file coords.cif (mmCIF, C-alpha atoms and all ligand atoms)
data_my_file
loop_
_atom_site.label_atom_id
_atom_site.label_comp_id
_atom_site.auth_asym_id
_atom_site.auth_seq_id
_atom_site.Cartn_x
_atom_site.Cartn_y
_atom_site.Cartn_z
CA MET A 1 10.79 -17.42 4.11
CA ASP A 2 13.58 -14.83 4.21
CA SER A 3 11.86 -11.46 3.83
CA GLU A 4 15.00 -9.60 2.79
CA ILE A 5 15.74 -12.09 0.02
CA LEU A 6 12.13 -11.86 -1.15
CA LYS A 7 12.43 -8.06 -1.38
CA GLN A 8 15.74 -8.35 -3.24
CA TYR A 9 14.07 -10.74 -5.66
CA ALA A 10 11.25 -8.20 -6.19
CA VAL A 11 13.81 -5.53 -7.09
CA SER A 12 15.52 -7.90 -9.52
CA ALA A 13 12.04 -8.50 -11.04
CA GLY A 14 11.62 -4.79 -11.81
CA ALA A 15 10.50 -3.05 -8.63
CA THR A 16 12.34 0.09 -7.53
CA VAL A 17 11.28 -0.44 -3.90
CA ALA A 18 9.73 -3.49 -2.20
CA ARG A 19 8.41 -3.66 1.38
CA ILE A 20 6.04 -5.89 3.34
CA ALA A 21 2.79 -4.80 5.01
CA ASP A 22 1.23 -6.64 7.91
CA LEU A 23 -2.42 -6.97 6.86
CA ALA A 24 -3.42 -6.60 10.52
CA ARG A 25 -2.67 -2.88 9.97
CA LEU A 26 -5.30 -2.79 7.23
CA ARG A 27 -8.11 -4.39 9.15
CA GLY A 28 -11.42 -2.84 8.08
CA ILE A 29 -10.12 -1.57 4.74
CA GLU A 30 -12.65 -1.70 1.91
CA THR A 31 -11.90 -4.49 -0.57
CA MET A 32 -13.62 -5.99 -3.59
CA PRO A 33 -14.80 -8.62 -2.89
CA PRO A 34 -15.17 -7.98 0.87
CA ASP A 35 -13.39 -11.25 1.79
CA LEU A 36 -10.40 -10.58 -0.50
CA LEU A 37 -7.86 -10.63 2.35
CA ASP A 38 -9.14 -13.82 4.00
CA GLY A 39 -6.38 -16.40 4.30
CA PHE A 40 -3.56 -13.90 3.73
CA ARG A 41 -1.33 -12.45 6.45
CA TYR A 42 0.83 -10.01 4.51
CA ALA A 43 0.99 -7.94 1.34
CA VAL A 44 4.18 -7.29 -0.56
CA SER A 45 4.03 -3.73 -1.84
CA LEU A 46 6.06 -2.88 -4.94
CA ALA A 47 6.81 0.61 -6.22
CA VAL A 48 8.24 1.50 -9.62
CA ALA A 49 9.68 5.01 -9.91
CA LEU A 50 8.35 7.23 -12.69
CA SER A 51 10.67 9.01 -15.11
CA ASP A 52 11.55 12.52 -13.93
CA PRO A 53 11.88 14.02 -17.44
CA ILE A 54 8.43 12.65 -18.30
CA ILE A 55 6.86 13.97 -15.09
CA GLU A 56 8.41 17.35 -15.87
CA THR A 57 6.38 17.52 -19.14
CA ILE A 58 3.17 17.86 -17.08
CA THR A 59 1.88 21.42 -16.82
CA ASP A 60 -1.64 21.98 -15.48
CA ARG A 61 -2.69 18.81 -17.29
CA PRO A 62 -1.26 15.44 -18.34
CA THR A 63 0.68 14.83 -21.56
CA PRO A 64 0.52 11.98 -24.10
CA ILE A 65 4.01 10.84 -23.14
CA TYR A 66 2.99 10.68 -19.45
CA ALA A 67 -0.09 8.63 -20.43
CA ALA A 68 2.05 6.14 -22.35
CA HIS A 69 4.59 5.97 -19.52
CA TYR A 70 1.83 5.44 -16.95
CA GLN A 71 0.53 2.44 -18.87
CA ARG A 72 4.02 1.02 -19.46
CA VAL A 73 4.86 1.27 -15.75
CA ASN A 74 1.59 -0.47 -14.88
CA ALA A 75 2.60 -3.31 -17.21
CA LEU A 76 5.99 -3.55 -15.51
CA LEU A 77 4.30 -3.65 -12.10
CA ASP A 78 1.98 -6.45 -13.22
CA GLU A 79 4.94 -8.41 -14.55
CA ALA A 80 6.95 -7.92 -11.35
CA ALA A 81 3.95 -8.88 -9.19
CA LEU A 82 3.46 -12.08 -11.18
CA ARG A 83 7.13 -13.00 -10.83
CA VAL A 84 7.11 -12.32 -7.07
CA SER A 85 3.97 -14.46 -6.69
CA ARG A 86 5.61 -17.36 -8.51
CA TYR A 87 8.71 -16.98 -6.33
CA VAL A 88 6.62 -17.12 -3.13
CA GLU A 89 4.77 -20.20 -4.38
CA GLU A 90 8.01 -21.96 -5.34
CA LEU A 91 9.10 -21.50 -1.72
CA GLY A 92 5.88 -23.06 -0.43
CA GLY A 93 3.81 -19.94 0.28
CA ARG A 94 0.52 -18.73 -1.16
CA ALA A 95 0.36 -15.56 -3.21
CA MET A 96 -2.16 -13.54 -5.19
CA PRO A 97 -0.90 -10.74 -7.45
CA LEU A 98 -3.46 -7.96 -7.75
CA PRO A 99 -3.68 -5.90 -10.94
CA ALA A 100 -1.78 -2.60 -10.82
CA SER A 101 -4.62 -0.65 -12.40
CA GLN A 102 -8.03 -2.23 -12.89
CA VAL A 103 -11.10 -0.27 -11.88
CA LEU A 104 -13.93 -2.58 -10.77
CA ASP A 105 -16.41 0.08 -9.69
CA VAL A 106 -16.20 2.95 -12.17
CA ARG A 107 -18.75 5.10 -10.34
CA ASN A 108 -16.80 5.07 -7.08
CA ASN A 109 -13.37 4.64 -8.69
CA MET A 110 -12.70 1.48 -6.65
CA SER A 111 -10.46 -1.49 -7.31
CA PHE A 112 -9.68 -4.70 -5.41
CA LEU A 113 -8.06 -2.67 -2.67
CA SER A 114 -6.05 0.53 -2.35
CA HIS A 115 -2.43 -0.10 -3.35
CA LYS A 116 -1.66 3.25 -1.76
CA ALA A 117 -3.00 2.09 1.62
CA VAL A 118 -0.93 -1.10 1.38
CA ALA A 119 2.19 0.90 0.51
CA VAL A 120 1.63 3.21 3.49
CA ALA A 121 1.22 0.20 5.81
CA ALA A 122 4.42 -1.28 4.35
CA GLY A 123 6.37 1.93 4.91
CA ILE A 124 7.05 2.71 1.25
CA GLY A 125 5.88 6.23 2.00
CA TRP A 126 3.43 8.25 4.06
CA GLN A 127 -0.05 9.34 3.08
CA GLY A 128 0.36 12.87 1.71
CA LYS A 129 -2.26 15.61 1.74
CA SER A 130 -2.92 14.72 -1.91
CA LEU A 131 -3.74 11.14 -0.75
CA LEU A 132 -0.72 9.97 -2.74
CA THR A 133 1.88 7.73 -1.11
CA VAL A 134 4.93 9.97 -0.68
CA SER A 135 8.24 8.13 -0.64
CA PRO A 136 11.24 9.80 1.01
CA GLN A 137 13.37 8.96 -2.04
CA TYR A 138 10.91 9.42 -4.91
CA GLY A 139 8.09 11.51 -3.48
CA PRO A 140 4.77 10.58 -5.11
CA ARG A 141 6.60 9.84 -8.41
CA ILE A 142 5.89 6.14 -8.07
CA ARG A 143 3.29 3.65 -9.24
CA LEU A 144 2.28 0.77 -6.98
CA VAL A 145 1.08 -2.81 -6.93
CA SER A 146 0.33 -5.32 -4.16
CA ILE A 147 0.72 -9.08 -3.82
CA LEU A 148 -1.28 -10.81 -1.08
CA VAL A 149 0.83 -13.45 0.64
CA ASP A 150 0.38 -16.22 3.14
CA ALA A 151 3.87 -17.23 4.29
CA ASP A 152 6.09 -16.57 7.29
CA LEU A 153 7.40 -13.06 6.65
CA THR A 154 8.70 -10.14 8.71
CA PRO A 155 6.67 -6.99 8.01
CA ASP A 156 8.15 -3.50 7.67
CA GLU A 157 7.13 -0.50 9.76
CA PRO A 158 5.15 2.50 8.45
CA LEU A 159 6.89 5.88 8.11
CA LYS A 160 6.02 9.12 9.88
CA ASN A 161 4.15 11.73 7.87
CA ARG A 162 6.51 14.48 6.65
CA CYS A 163 4.11 16.82 4.80
CA GLY A 164 4.34 19.36 7.62
CA SER A 165 3.11 22.82 6.61
CA CYS A 166 3.68 22.24 2.88
CA THR A 167 0.77 23.39 0.70
CA ARG A 168 2.24 22.86 -2.77
CA CYS A 169 -0.21 20.19 -3.94
CA THR A 170 -3.14 22.12 -2.45
CA ASP A 171 -2.04 25.31 -4.22
CA ALA A 172 -1.39 23.61 -7.57
CA CYS A 173 -4.46 21.36 -7.86
CA PRO A 174 -6.45 22.74 -10.83
CA ALA A 175 -9.68 21.39 -9.34
CA GLY A 176 -9.25 22.85 -5.86
CA ALA A 177 -9.73 19.29 -4.63
CA ILE A 178 -7.10 19.03 -1.90
CA ARG A 179 -8.35 20.17 1.51
CA ASN A 180 -4.87 20.78 3.02
CA VAL A 181 -5.62 18.57 6.03
CA ASN A 182 -2.68 16.75 7.60
CA THR A 183 -2.78 13.29 9.14
CA GLU A 184 -0.51 11.57 11.65
CA SER A 185 -0.99 8.14 10.08
CA HIS A 186 -3.86 7.84 7.60
CA TYR A 187 -7.13 9.54 6.68
CA ALA A 188 -10.33 7.89 7.87
CA SER A 189 -11.73 8.29 4.36
CA ARG A 190 -10.57 9.86 1.11
CA GLU A 191 -13.17 12.61 1.63
CA GLU A 192 -11.25 13.70 4.73
CA ALA A 193 -8.29 14.62 2.51
CA LEU A 194 -9.96 15.46 -0.80
CA HIS A 195 -13.08 16.82 -2.40
CA PHE A 196 -12.88 13.53 -4.27
CA GLU A 197 -15.65 14.25 -6.76
CA ARG A 198 -13.91 17.48 -7.83
CA CYS A 199 -10.75 15.51 -8.61
CA VAL A 200 -12.57 12.78 -10.53
CA HIS A 201 -14.72 15.24 -12.47
CA HIS A 202 -11.72 17.40 -13.39
CA VAL A 203 -9.58 14.47 -14.51
CA ARG A 204 -12.35 13.00 -16.67
CA GLU A 205 -13.18 16.36 -18.23
CA VAL A 206 -9.57 17.24 -19.07
CA CYS A 207 -8.73 13.81 -20.48
CA ALA A 208 -11.93 13.67 -22.56
CA LYS A 209 -10.84 16.88 -24.32
CA MET A 210 -7.31 15.67 -25.07
CA GLU A 211 -6.25 13.48 -27.97
CA ASN A 212 -3.81 10.62 -27.45
CA ILE A 213 -4.35 10.27 -23.68
CA GLY A 214 -6.50 7.12 -23.61
CA THR A 215 -6.73 6.94 -19.83
CA SER A 216 -7.89 9.11 -16.91
CA ILE A 217 -4.84 10.73 -15.36
CA CYS A 218 -3.74 14.14 -14.13
CA GLY A 219 -0.26 14.19 -12.59
CA VAL A 220 -0.21 17.77 -11.28
CA CYS A 221 -0.05 16.83 -7.57
CA ILE A 222 2.59 14.22 -8.44
CA LYS A 223 4.79 16.76 -10.22
CA VAL A 224 4.70 19.58 -7.68
CA CYS A 225 5.47 17.62 -4.51
CA PRO A 226 8.91 18.76 -3.27
CA TRP A 227 9.75 15.27 -2.04
CA GLY A 228 9.83 13.96 -5.58
CA ALA A 229 11.07 17.02 -7.40
CA LYS A 230 14.56 16.95 -5.93
CA LYS A 231 14.87 13.32 -4.81
CA ARG A 232 15.62 14.55 -1.30
CA ALA A 233 13.93 16.21 1.63
CA PRO A 234 12.68 19.74 0.91
CA ALA A 235 14.37 22.62 2.71
CA ALA A 236 12.89 23.16 6.16
S1 LIG A 301 -5.03 14.34 -9.49
FE1 LIG A 301 -5.15 16.47 -10.31
S2 LIG A 301 -7.27 17.12 -9.81
FE2 LIG A 301 -6.84 15.29 -8.55
S3 LIG A 301 -6.05 16.07 -6.58
FE3 LIG A 301 -4.23 15.72 -7.90
S4 LIG A 301 -3.88 17.71 -8.91
FE4 LIG A 301 -5.96 17.74 -8.10
S1 LIG A 302 3.09 18.56 -2.00
FE1 LIG A 302 3.56 18.91 0.16
S2 LIG A 302 1.58 18.60 1.24
FE2 LIG A 302 1.38 17.70 -0.83
S3 LIG A 302 1.91 15.53 -0.53
FE3 LIG A 302 3.81 16.60 -1.13
S4 LIG A 302 4.79 17.17 0.86
FE4 LIG A 302 2.64 16.64 1.29
#
call {"tool": "encode", "arguments": {"input": "coords.cif", "output": "C-alpha cells"}}
result
Amino acid sequence: MDSEILKQYAVSAGATVARIADLARLRGIETMPPDLLDGFRYAVSLAVALSDPIIETITDRPTPIYAAHYQRVNALLDEAALRVSRYVEELGGRAMPLPASQVLDVRNNMSFLSHKAVAVAAGIGWQGKSLLTVSPQYGPRIRLVSILVDADLTPDEPLKNRCGSCTRCTDACPAGAIRNVNTESHYASREEALHFERCVHHVREVCAKMENIGTSICGVCIKVCPWGAKKRAPAA
C-alpha cells in the first residue's frame, strides 16, 4: 500500500496532517483493552487544526464557542478516521478507527489508547511540557485521532523536542499543574510531566460552574504555546 497516497487520501477526507506510527515504538503503552494493538503493525495518526480566532477567545478558562468547536472537530476526526479505515480495507488491509474522544475509565481519564502518544510516535509533533502534542506548524492547536492498521506501510519518524527553556504553559496553567520538566522523547508517565490530578480537578471544577460548556475542557495551555500562536517557530 502506498503510504504517501494513503496520507493524501486522509487529508482529502478532512485531516489537516496525516502521518504513520510504527506500533513497535509504542510497545508497552497502556491500552483498553490490554490486547487492543494485537494484530496491528501501524497506526495512522490524523490531526485537525483548531480555529485560531476561537482559541483566542480562551482567557483563563474555556468558552462556549471553544466547547462547540472542540466537539465539532472531534466529529470531523471520527468521520475522517472512518473514511481512512474504509480506504485501507478496500485496498486489502485491516483497519480499526478509534473514537477521537471517548473516555472509558472516567476515574483515571483513560481511553482506548493515547492519541497524543500515537501522534508523537508518528512525528506529528513532539511531547510538550504540557503533555500536549506540539506540531511545528500548528503548535498544540490540533485535535487527534488514530486508526490501527495492518497493511504494508512505511512509518514516519518522530520529531525532536523543541520546548527548550520555554515556560509559557507552566506559567499560565491556572492549576499549577505543569511541572516544567523537559523530555528528549517522551515522559515515562503523565505524572512525570504534570500534577495530573490538579489539572483534572481544575478542569472539572471550572466547567461545572460554567453554563453552555457541556464537556470537560480547559484550553489555556493550548492557547499560550508560542508554537501555535504564530504558526511558526518562536524567537530564539
Ligand atoms: S488543561 Fe488547563 S489545568 Fe490542565 S495543564 Fe493545561 S492549562 Fe493546566
Ligand atoms: S508552551 Fe513552551 S514549554 Fe509549553 S508545550 Fe509549548 S513550547 Fe513547550
call {"tool": "atom_distance", "arguments": {"input": "coords.cif", "atom1": "CA of Leu36 in chain A", "atom2": "CA of Met1 in chain A"}}
result
22.7 Å
call {"tool": "axis_aligned_box", "arguments": {"input": "coords.cif", "around": "range 180-197 of chain A", "padding_each_side": "8 Å", "output": "lines of an AutoDock Vina configuration file"}}
result
center_x = -8.1
center_y = 14.3
center_z = 2.4
size_x = 31.1
size_y = 28.9
size_z = 34.4
call {"tool": "closest_residue", "arguments": {"input": "coords.cif", "among": "A:Thr154, A:Glu4, A:Val206, A:Ala117", "to": "Glu30 in chain A", "atoms": "all atoms listed in the file"}}
result
A:Ala117
call {"tool": "residues_near_ligand", "arguments": {"input": "coords.cif", "ligand": "ligand LIG 302 (chain A)", "cutoff": "9 Å", "atoms": "all atoms listed in the file", "output": "PyMOL selection string"}}
result
chain A and resi 126-134+139-140+161-172+178+180-182+221-228+234
call {"tool": "closest_residue", "arguments": {"input": "coords.cif", "among": "A:Leu50, A:Ile65, A:Ala188, A:Leu82", "to": "Gly28 in chain A", "atoms": "only C-alpha atoms"}}
result
A:Ala188
call {"tool": "atom_distance", "arguments": {"input": "coords.cif", "atom1": "CA of Ile29 in chain A", "atom2": "CA of Arg72 in chain A"}}
result
28.1 Å
call {"tool": "residues_around", "arguments": {"input": "coords.cif", "residues": "Cys207 in chain A", "least_positions_apart": "6", "cutoff": "8 Å", "atoms": "only C-alpha atoms", "output": "ChimeraX atom specification"}}
result
/A:62,213-217
call {"tool": "residues_near_ligand", "arguments": {"input": "coords.cif", "ligand": "ligand LIG 301 (chain A)", "cutoff": "6 Å", "atoms": "only C-alpha atoms and all ligand atoms", "output": "PDB file with C-alpha atoms, in the coordinates of the input"}}
result
ATOM      1  CA  SER A 130      -2.920  14.720  -1.910  1.00  0.00           C
ATOM      2  CA  CYS A 173      -4.460  21.360  -7.860  1.00  0.00           C
ATOM      3  CA  PRO A 174      -6.450  22.740 -10.830  1.00  0.00           C
ATOM      4  CA  ALA A 175      -9.680  21.390  -9.340  1.00  0.00           C
ATOM      5  CA  ALA A 177      -9.730  19.290  -4.630  1.00  0.00           C
ATOM      6  CA  ILE A 178      -7.100  19.030  -1.900  1.00  0.00           C
ATOM      7  CA  CYS A 199     -10.750  15.510  -8.610  1.00  0.00           C
ATOM      8  CA  HIS A 202     -11.720  17.400 -13.390  1.00  0.00           C
ATOM      9  CA  VAL A 203      -9.580  14.470 -14.510  1.00  0.00           C
ATOM     10  CA  CYS A 218      -3.740  14.140 -14.130  1.00  0.00           C
ATOM     11  CA  GLY A 219      -0.260  14.190 -12.590  1.00  0.00           C
ATOM     12  CA  VAL A 220      -0.210  17.770 -11.280  1.00  0.00           C
ATOM     13  CA  CYS A 221      -0.050  16.830  -7.570  1.00  0.00           C
TER      14      CYS A 221
END
call {"tool": "residues_around", "arguments": {"input": "coords.cif", "residues": "Ala122 in chain A", "least_positions_apart": "3", "cutoff": "12 Å", "atoms": "all atoms listed in the file", "output": "PyMOL selection string"}}
result
chain A and resi 7+17-26+42-47+115-119+125-127+133+135+144-147+154-160
call {"tool": "residues_around", "arguments": {"input": "coords.cif", "residues": "Ala81 in chain A", "least_positions_apart": "5", "cutoff": "10 Å", "atoms": "all atoms listed in the file", "output": "ChimeraX atom specification"}}
result
/A:10,13-15,44-46,75-76,86-87,95-100,145-148
call {"tool": "residues_around", "arguments": {"input": "coords.cif", "residues": "Ser111 in chain A", "least_positions_apart": "3", "cutoff": "9 Å", "atoms": "all atoms listed in the file", "output": "list in words"}}
result
Thr31, Met32, Pro99, Ser101, Gln102, Val103, Leu104, Asp105, Val106 and Ser114 of chain A
call {"tool": "closest_residue", "arguments": {"input": "coords.cif", "among": "A:Ala229, A:Val84, A:Glu205, A:Thr63", "to": "Pro136 in chain A", "atoms": "all atoms listed in the file"}}
result
A:Ala229
call {"tool": "atom_distance", "arguments": {"input": "coords.cif", "atom1": "CA of Ala121 in chain A", "atom2": "CA of Ile142 in chain A"}}
result
15.8 Å
call {"tool": "closest_residue", "arguments": {"input": "coords.cif", "among": "A:Ile58, A:Arg94, A:Arg107, A:Phe112", "to": "Arg204 in chain A", "atoms": "only C-alpha atoms"}}
result
A:Arg107
call {"tool": "closest_residue", "arguments": {"input": "coords.cif", "among": "A:Thr183, A:Ser85, A:Thr16, A:Gln8", "to": "Ser51 in chain A", "atoms": "only C-alpha atoms"}}
result
A:Thr16
call {"tool": "closest_residue", "arguments": {"input": "coords.cif", "among": "A:Val200, A:Ala208, A:Ala49, A:Gly39", "to": "Gln137 in chain A", "atoms": "all atoms listed in the file"}}
result
A:Ala49
